[in-house]
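Structure below is my_file06.tsv: TSV, C-alpha atoms.
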chain	number	residue	atom	x	y	z
A	14	MET	CA	101.97	76.09	98.68
A	15	GLU	CA	98.84	78.02	97.78
A	16	GLN	CA	99.31	81.71	97.08
A	17	ASN	CA	96.44	82.80	99.34
A	18	LYS	CA	97.99	81.01	102.35
A	19	ILE	CA	101.30	82.70	101.64
A	20	ASP	CA	99.59	86.10	101.40
A	21	MET	CA	97.70	85.46	104.63
A	22	PHE	CA	100.88	84.50	106.50
A	23	ILE	CA	102.65	87.64	105.29
A	24	MET	CA	99.66	89.84	106.20
A	25	GLN	CA	99.49	88.32	109.68
A	26	HIS	CA	103.16	89.10	110.24
A	27	ASP	CA	103.30	92.40	108.38
A	28	GLU	CA	105.01	94.38	111.16
A	29	GLN	CA	107.47	91.64	112.06
A	30	PHE	CA	109.32	91.63	108.72
A	31	SER	CA	110.96	94.34	106.65
A	32	ALA	CA	110.09	94.77	102.97
A	33	GLN	CA	113.14	92.73	101.93
A	34	GLY	CA	112.31	90.18	104.60
A	35	LYS	CA	108.79	89.76	103.20
A	36	LEU	CA	110.23	88.94	99.78
A	37	LEU	CA	112.52	86.34	101.32
A	38	VAL	CA	109.65	84.90	103.37
A	39	ARG	CA	107.47	84.70	100.25
A	40	GLN	CA	110.19	82.82	98.34
A	41	LYS	CA	110.75	80.37	101.17
A	42	LEU	CA	107.03	79.78	101.70
A	43	GLN	CA	106.49	78.96	98.02
A	44	ALA	CA	108.96	76.10	98.35
A	45	LEU	CA	107.37	74.67	101.53
A	46	SER	CA	104.87	71.87	101.79
A	47	GLU	CA	101.60	72.12	103.74
A	48	ASP	CA	103.06	70.16	106.67
A	49	ASP	CA	106.02	72.52	106.94
A	50	MET	CA	103.65	75.48	106.86
A	51	MET	CA	101.81	74.08	109.88
A	52	LYS	CA	105.08	74.16	111.83
A	53	LEU	CA	105.47	77.87	111.06
A	54	ASN	CA	102.08	78.72	112.54
A	55	VAL	CA	103.36	77.96	116.04
A	56	LEU	CA	106.30	80.37	115.76
A	57	GLU	CA	105.97	83.51	117.82
A	58	PHE	CA	107.78	86.49	116.36
A	59	LYS	CA	108.88	89.50	118.39
A	60	SER	CA	107.04	92.78	118.02
A	61	PRO	CA	109.09	95.75	116.77
A	62	SER	CA	106.67	98.07	118.59
A	63	LYS	CA	107.34	96.34	121.91
A	64	THR	CA	111.07	96.55	121.31
A	65	LEU	CA	110.74	100.28	120.63
A	66	ILE	CA	108.76	100.80	123.84
A	67	PHE	CA	111.36	98.83	125.78
A	68	ALA	CA	114.10	100.93	124.16
A	69	TRP	CA	112.37	104.14	125.23
A	70	LEU	CA	111.40	103.18	128.75
A	71	LEU	CA	113.65	100.36	129.95
A	72	ALA	CA	116.87	100.77	127.99
A	73	GLY	CA	118.79	101.52	131.18
A	74	PHE	CA	118.21	97.93	132.23
A	75	GLY	CA	118.99	96.54	128.77
A	76	VAL	CA	115.48	95.11	128.38
A	77	ASN	CA	115.26	95.88	124.66
A	78	GLY	CA	118.50	93.98	124.02
A	79	PHE	CA	117.50	90.99	126.10
A	80	TYR	CA	114.03	90.89	124.48
A	81	ILE	CA	115.46	90.31	120.99
A	82	LYS	CA	118.37	88.13	122.17
A	83	LYS	CA	121.00	90.86	121.68
A	84	THR	CA	122.53	90.01	125.04
A	85	GLY	CA	125.71	91.99	124.40
A	86	TRP	CA	123.69	95.15	123.84
A	87	GLY	CA	121.57	94.51	126.93
A	88	VAL	CA	124.60	93.91	129.14
A	89	THR	CA	126.38	96.99	127.76
A	90	MET	CA	123.39	99.22	128.48
A	91	LEU	CA	123.03	97.76	131.97
A	92	ILE	CA	126.72	98.24	132.83
A	93	VAL	CA	126.86	101.80	131.48
A	94	ASN	CA	123.72	102.66	133.43
A	95	ILE	CA	125.10	101.17	136.67
A	96	ILE	CA	128.36	103.11	136.26
A	97	ASN	CA	126.37	106.26	135.55
A	98	MET	CA	124.23	105.82	138.67
A	99	PHE	CA	127.33	105.09	140.79
A	100	LEU	CA	129.16	108.19	139.54
A	101	THR	CA	126.07	110.32	140.11
A	102	PHE	CA	125.88	109.01	143.68
A	103	VAL	CA	129.60	109.74	144.21
A	104	THR	CA	129.13	113.25	142.84
A	105	ILE	CA	126.28	113.95	145.22
A	106	MET	CA	128.21	112.53	148.18
A	107	ASN	CA	131.32	114.58	147.31
A	108	MET	CA	129.28	117.74	147.06
A	109	TYR	CA	127.64	117.03	150.42
A	110	PHE	CA	130.62	115.75	152.43
A	111	ALA	CA	133.53	117.56	150.77
A	112	PRO	CA	132.14	120.90	149.64
A	113	TYR	CA	135.58	122.57	149.76
A	114	ASP	CA	137.46	120.01	147.67
A	115	SER	CA	136.48	121.44	144.31
A	116	ASP	CA	139.09	119.47	142.32
A	117	ALA	CA	137.64	116.12	143.43
A	118	ILE	CA	134.11	117.28	142.77
A	119	MET	CA	135.03	118.58	139.32
A	120	ALA	CA	136.79	115.33	138.39
A	121	VAL	CA	133.78	113.24	139.36
A	122	ILE	CA	131.42	115.62	137.55
A	123	VAL	CA	133.48	115.31	134.37
A	124	MET	CA	133.51	111.50	134.60
A	125	THR	CA	129.77	111.45	135.28
A	126	SER	CA	129.15	113.71	132.29
A	127	ILE	CA	131.18	111.48	129.97
A	128	VAL	CA	129.40	108.31	131.08
A	129	ALA	CA	125.98	110.00	130.94
A	130	THR	CA	126.73	111.20	127.40
A	131	ALA	CA	127.80	107.69	126.38
A	132	PHE	CA	124.60	106.28	127.85
A	133	PHE	CA	122.50	108.88	126.04
A	134	ILE	CA	124.18	108.08	122.70
A	135	LEU	CA	123.66	104.33	123.23
A	136	TRP	CA	120.03	104.99	124.19
A	137	ILE	CA	119.43	106.96	120.96
A	138	ILE	CA	121.10	104.21	118.89
A	139	GLY	CA	118.92	101.59	120.58
A	140	ILE	CA	115.77	103.55	119.79
A	141	ALA	CA	116.81	104.18	116.19
A	142	LYS	CA	117.68	100.54	115.53
A	143	ALA	CA	114.96	98.80	117.57
A	144	ARG	CA	112.69	98.09	114.61
A	145	LYS	CA	115.50	96.92	112.32
A	146	TRP	CA	117.04	94.66	114.97
A	147	THR	CA	113.68	93.07	115.77
A	148	GLN	CA	112.89	92.44	112.12
A	149	LYS	CA	116.32	90.86	111.64
A	150	TYR	CA	115.70	88.67	114.70
A	151	ASN	CA	112.37	87.58	113.22
A	152	ILE	CA	113.89	86.77	109.81
A	153	ASP	CA	116.64	84.75	111.49
A	154	LYS	CA	114.03	82.86	113.51
A	155	PHE	CA	111.96	82.21	110.38
A	156	MET	CA	114.99	81.02	108.40
A	157	GLU	CA	115.98	78.69	111.24
A	158	ALA	CA	112.49	77.20	111.25
A	159	VAL	CA	112.35	76.54	107.48
A	160	GLN	CA	115.84	75.01	107.22
Show the structure stored in the file as C-alpha cells.
Amino acid sequence: MEQNKIDMFIMQHDEQFSAQGKLLVRQKLQALSEDDMMKLNVLEFKSPSKTLIFAWLLAGFGVNGFYIKKTGWGVTMLIVNIINMFLTFVTIMNMYFAPYDSDAIMAVIVMTSIVATAFFILWIIGIAKARKWTQKYNIDKFMEAVQ
C-alpha cells in the first residue's frame, strides 16, 4: 500500500491508537492491498475522550465499561453503585426511624463507608485506565478487521 495512504489513515485515527498501536497498525497496513484498505475505512473506532467523559460522569452506571465492551467492568460498577445507594438509603432510614439504636446505625454507616470507598477506588481506576482500555479496544477491533 502507498505510504501516503498509510500516513493519512494513522493521522485520521491519531487519538484512537497508542504509540505502540500506531507502529502495529503501520506494519499491518503495509501488508494490505487497496481492496482491504477500503474495508478499513468503514470501521468506527471508539473515542478515548468519550470514554474518559463517561468514566467521569456516568461511571456509577457502568457506561464507560459498556461503551468499550468491558461488560464485566460495567456490571461491577453498576452493582457496587446500587449497593452503595441502598446502604445510604438504609442509613438515612435508620437515623430517622431508629435514632436511639446507635449500634445498628453505626454498623450500617461502616458498611456504607466501605462500599463507598470501594466505589471511589473503582471510579479512580476507571478514569485512570479509560484511555488505555479504549486504545486496546481499538487495536483489537483493527486486528480483527485485517485478519
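Take the candidates A:Gln29, A:Gln43, A:Thr64, A:Gln16 and check each one against A:Lys154 using only C-alpha atoms; the shortest distance goes to A:Gln29.
Closest approach to A:Lys83 among A:Val121, A:Ala131, A:Ala143, A:Leu37: A:Ala143, based on all atoms listed in the file.
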At a cut-off of 12 Å around the point (128.1, 110.6, 133.7) (file coordinates), what residues fall inside when counting only C-alpha atoms? I'd like the answer as a PyMOL selection string. chain A and resi 93-104+119-134
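Between atom CA of A:Met90 and atom CA of A:Gly75 the separation is 5.2 Å.
For A:Leu45, the non-local neighbours within 10 Å, defined as residues at least 5 positions apart in the same chain or in other chains and counting all atoms listed in the file, are Met14, Glu15, Gln40, Met50 and Val159 of chain A.
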Please identify all polymer residues lying at most 12 Å from the point (133.4, 117.0, 148.6) (file coordinates), using all atoms listed in the file, and present the result as a PyMOL selection string. chain A and resi 103-122
Atom CA of A:Trp69 to atom CA of A:Ile140 measures 6.4 Å
